[in-house]
Amino acid sequence: MRVPITIEINGRMIRDEVDPRMLLVEFVREHARLTGTHVGCDTSYCGACTLLLEGQAVKSCTILTVQADGRKVKTVEGLEHDEGLHPLQAAFAKNHALQCGYCTPGFLMSAMQLLSENPDPDDTAIRKGLAGNTCRCTGYVNIIAAVKDAARDMRSSNSEG
Ligand code: FES
Ligand code: FES
């Protein structure tokens, strides 16, 4: 049995028919061909598969595609805009907040949700906001610095605009 679904991903409507057991991460990677969302553990531990579902950071290896039917998804590919990298992406690069980069898309999407709720988080709030994401090579100090840096940039561009 296959189920018809319509999901808006990064502003693009995608209609398809899927197995009701298909995970959202599989749909995003294999049907929408957006491979920036990674699979690390497949057991809801690592956070590499994090994306935004209606603005909320979720681990897409724990969500069925049918649960996203009729809803909006944003993946890491949706962060970049016409002017270039999103401030979070630029801050990760500037602060050396990645090495292999496997965890980075998940961290970026969790940080997106954090900054949408708290535009000026302190270290504790950042650690809490990113608690569901694991990095095995960079360590967390530079990641926290990058989120603070991005928050500063985003606040100043909001106050200018
Ligand atoms: S792949 Fe989803 S949490 Fe690790
Ligand atoms: S940069 Fe390699 S796992 Fe985080």
# chains A, B, ... in the order shown; residues from 1 in each chain; ligands from 1
>>> residues_near_ligand(ligand="ligand 1", cutoff="10 Å", atoms="only C-alpha atoms and all ligand atoms", output="number ranges by chain")
A: 25, 37-51, 58-63, 103, 106, 132-134
>>> write_last_selection(atoms="C-alpha atoms", output="PDB file, in the first residue's frame")
ATOM      1  CA  VAL A  25      14.769  11.412   6.640  1.00  0.00           C
ATOM      2  CA  THR A  37      20.241  15.987   6.107  1.00  0.00           C
ATOM      3  CA  HIS A  38      22.409  13.150   7.391  1.00  0.00           C
ATOM      4  CA  VAL A  39      21.777   9.805   9.022  1.00  0.00           C
ATOM      5  CA  GLY A  40      24.146   9.106  11.886  1.00  0.00           C
ATOM      6  CA  CYS A  41      22.632   6.653  14.321  1.00  0.00           C
ATOM      7  CA  ASP A  42      19.058   6.013  13.120  1.00  0.00           C
ATOM      8  CA  THR A  43      18.083   5.641  16.773  1.00  0.00           C
ATOM      9  CA  SER A  44      17.233   9.262  17.687  1.00  0.00           C
ATOM     10  CA  TYR A  45      20.504   9.864  19.530  1.00  0.00           C
ATOM     11  CA  CYS A  46      22.925  11.860  17.352  1.00  0.00           C
ATOM     12  CA  GLY A  47      20.823  14.666  15.841  1.00  0.00           C
ATOM     13  CA  ALA A  48      22.523  14.514  12.412  1.00  0.00           C
ATOM     14  CA  CYS A  49      19.066  14.151  10.815  1.00  0.00           C
ATOM     15  CA  THR A  50      17.627  17.297  12.453  1.00  0.00           C
ATOM     16  CA  LEU A  51      15.456  19.507  10.253  1.00  0.00           C
ATOM     17  CA  VAL A  58      12.859  17.448  14.908  1.00  0.00           C
ATOM     18  CA  LYS A  59      14.960  14.353  14.416  1.00  0.00           C
ATOM     19  CA  SER A  60      13.700  13.167  11.066  1.00  0.00           C
ATOM     20  CA  CYS A  61      14.725   9.554  11.755  1.00  0.00           C
ATOM     21  CA  THR A  62      11.957   9.462  14.348  1.00  0.00           C
ATOM     22  CA  ILE A  63       9.170  10.891  12.157  1.00  0.00           C
ATOM     23  CA  CYS A 103      26.993  16.688  12.346  1.00  0.00           C
ATOM     24  CA  GLY A 106      21.811  19.029  12.370  1.00  0.00           C
ATOM     25  CA  GLY A 132      20.130  16.750  21.194  1.00  0.00           C
ATOM     26  CA  ASN A 133      23.067  17.047  18.789  1.00  0.00           C
ATOM     27  CA  THR A 134      26.330  15.164  19.044  1.00  0.00           C
TER      28      THR A 134
END
>>> residues_near_ligand(ligand="ligand 2", cutoff="10 Å", atoms="only C-alpha atoms and all ligand atoms", output="ChimeraX atom specification")
/A:40,46,48,96-107,133-140,143
>>> residues_around(residues="Asn10 of chain A", least_positions_apart="4", cutoff="7 Å", atoms="only C-alpha atoms", output="JSON, numbers by chain")
{"A": [73, 74, 75, 78]}
>>> closest_residue(among="A:Lys94, A:Arg71, A:Lys128, A:Arg2", to="Asp149 of chain A", atoms="only C-alpha atoms")
A:Lys94
>>> select_by_dssp(residues="chain A", states="alpha helix (DSSP H)", output="ChimeraX atom specification")
/A:24-26,87-94,104-117,123-129,141-160
>>> residues_around(residues="Ile144 of chain A", least_positions_apart="5", cutoff="8 Å", atoms="only C-alpha atoms", output="PyMOL selection string")
chain A and resi 123+126-127
>>> select_by_dssp(residues="segment 17-139 of chain A", states="strand (DSSP E or B)", output="PyMOL selection string")
chain A and resi 17-18+23+50-53+56-59+64+72-74+81+84
>>> write_last_selection(atoms="C-alpha atoms", output="PDB file, in the first residue's frame")
ATOM      1  CA  GLU A  17       3.235   8.315  -2.963  1.00  0.00           C
ATOM      2  CA  VAL A  18       5.116   6.624  -0.165  1.00  0.00           C
ATOM      3  CA  LEU A  23      10.884   7.750   7.608  1.00  0.00           C
ATOM      4  CA  THR A  50      17.627  17.297  12.453  1.00  0.00           C
ATOM      5  CA  LEU A  51      15.456  19.507  10.253  1.00  0.00           C
ATOM      6  CA  LEU A  52      12.645  21.983  10.879  1.00  0.00           C
ATOM      7  CA  LEU A  53       9.052  20.770  10.691  1.00  0.00           C
ATOM      8  CA  GLN A  56      10.352  23.078  15.154  1.00  0.00           C
ATOM      9  CA  ALA A  57      13.629  21.165  15.156  1.00  0.00           C
ATOM     10  CA  VAL A  58      12.859  17.448  14.908  1.00  0.00           C
ATOM     11  CA  LYS A  59      14.960  14.353  14.416  1.00  0.00           C
ATOM     12  CA  LEU A  64       7.203   9.105   9.486  1.00  0.00           C
ATOM     13  CA  LYS A  72       6.333  22.629   5.832  1.00  0.00           C
ATOM     14  CA  VAL A  73       9.848  21.280   6.136  1.00  0.00           C
ATOM     15  CA  LYS A  74      13.080  23.244   6.057  1.00  0.00           C
ATOM     16  CA  HIS A  81      19.744  32.674   0.324  1.00  0.00           C
ATOM     17  CA  GLY A  84      24.947  33.882   0.188  1.00  0.00           C
TER      18      GLY A  84
END
>>> residues_around(residues="Ser156 of chain A", least_positions_apart="4", cutoff="12 Å", atoms="only C-alpha atoms", output="PyMOL selection string")
chain A and resi 87+119-120+149-152+160-161
>>> write_last_selection(atoms="all heavy atoms", output="compact mmCIF listing (two decimals), in the first residue's frame")
# COMPACT_ATOMS: atom_id res chain seq x y z
N PRO A 87 23.69 33.62 8.16
CA PRO A 87 24.65 34.03 9.20
C PRO A 87 25.13 32.86 10.07
O PRO A 87 26.30 32.85 10.49
CB PRO A 87 23.87 35.04 10.04
CG PRO A 87 22.83 35.58 9.12
CD PRO A 87 22.51 34.50 8.13
N PRO A 119 16.82 35.17 20.74
CA PRO A 119 17.81 35.80 19.86
C PRO A 119 19.13 36.14 20.54
O PRO A 119 20.09 36.51 19.87
CB PRO A 119 17.10 37.07 19.36
CG PRO A 119 15.83 37.19 20.12
CD PRO A 119 15.63 35.99 20.97
N ASP A 120 19.18 36.04 21.89
CA ASP A 120 20.42 36.39 22.59
C ASP A 120 20.73 35.35 23.67
O ASP A 120 20.75 35.65 24.87
CB ASP A 120 20.26 37.80 23.22
CG ASP A 120 21.57 38.32 23.76
OD1 ASP A 120 22.63 37.71 23.48
OD2 ASP A 120 21.54 39.33 24.49
N ASP A 149 28.05 34.21 17.82
CA ASP A 149 28.45 35.13 16.76
C ASP A 149 27.27 35.35 15.79
O ASP A 149 26.95 36.48 15.42
CB ASP A 149 29.61 34.44 16.01
CG ASP A 149 30.59 35.44 15.49
OD1 ASP A 149 30.45 36.61 15.83
OD2 ASP A 149 31.50 35.03 14.74
N ALA A 150 26.64 34.26 15.40
CA ALA A 150 25.49 34.36 14.47
C ALA A 150 24.36 35.14 15.12
O ALA A 150 23.71 35.96 14.46
CB ALA A 150 25.02 32.96 14.07
N ALA A 151 24.12 34.89 16.40
CA ALA A 151 23.04 35.59 17.09
C ALA A 151 23.29 37.10 17.06
O ALA A 151 22.38 37.88 16.78
CB ALA A 151 22.94 35.09 18.53
N ARG A 152 24.57 37.47 17.29
CA ARG A 152 24.93 38.89 17.25
C ARG A 152 24.66 39.48 15.86
O ARG A 152 24.04 40.52 15.71
CB ARG A 152 26.43 39.03 17.58
CG ARG A 152 26.74 40.16 18.52
CD ARG A 152 28.18 40.20 19.00
NE ARG A 152 29.09 39.21 18.49
CZ ARG A 152 29.58 38.20 19.21
NH1 ARG A 152 29.25 38.05 20.46
NH2 ARG A 152 30.42 37.34 18.68
N GLU A 160 18.91 46.80 11.95
CA GLU A 160 19.11 47.69 10.79
C GLU A 160 17.89 47.68 9.88
O GLU A 160 17.54 48.66 9.27
CB GLU A 160 20.32 47.26 9.96
CG GLU A 160 21.64 47.65 10.58
CD GLU A 160 22.80 46.86 10.00
OE1 GLU A 160 22.63 46.27 8.91
OE2 GLU A 160 23.86 46.82 10.64
N GLY A 161 17.31 46.44 9.74
CA GLY A 161 16.21 46.32 8.79
C GLY A 161 14.91 46.72 9.42
O GLY A 161 13.93 46.86 8.78
>>> atom_distance(atom1="atom CA of Glu8 of chain A", atom2="atom CA of Glu117 of chain A")
22.4 Å
>>> closest_residue(among="A:Met112, A:Ala68, A:Val3, A:Met154", to="Val28 of chain A", atoms="only C-alpha atoms")
A:Ala68
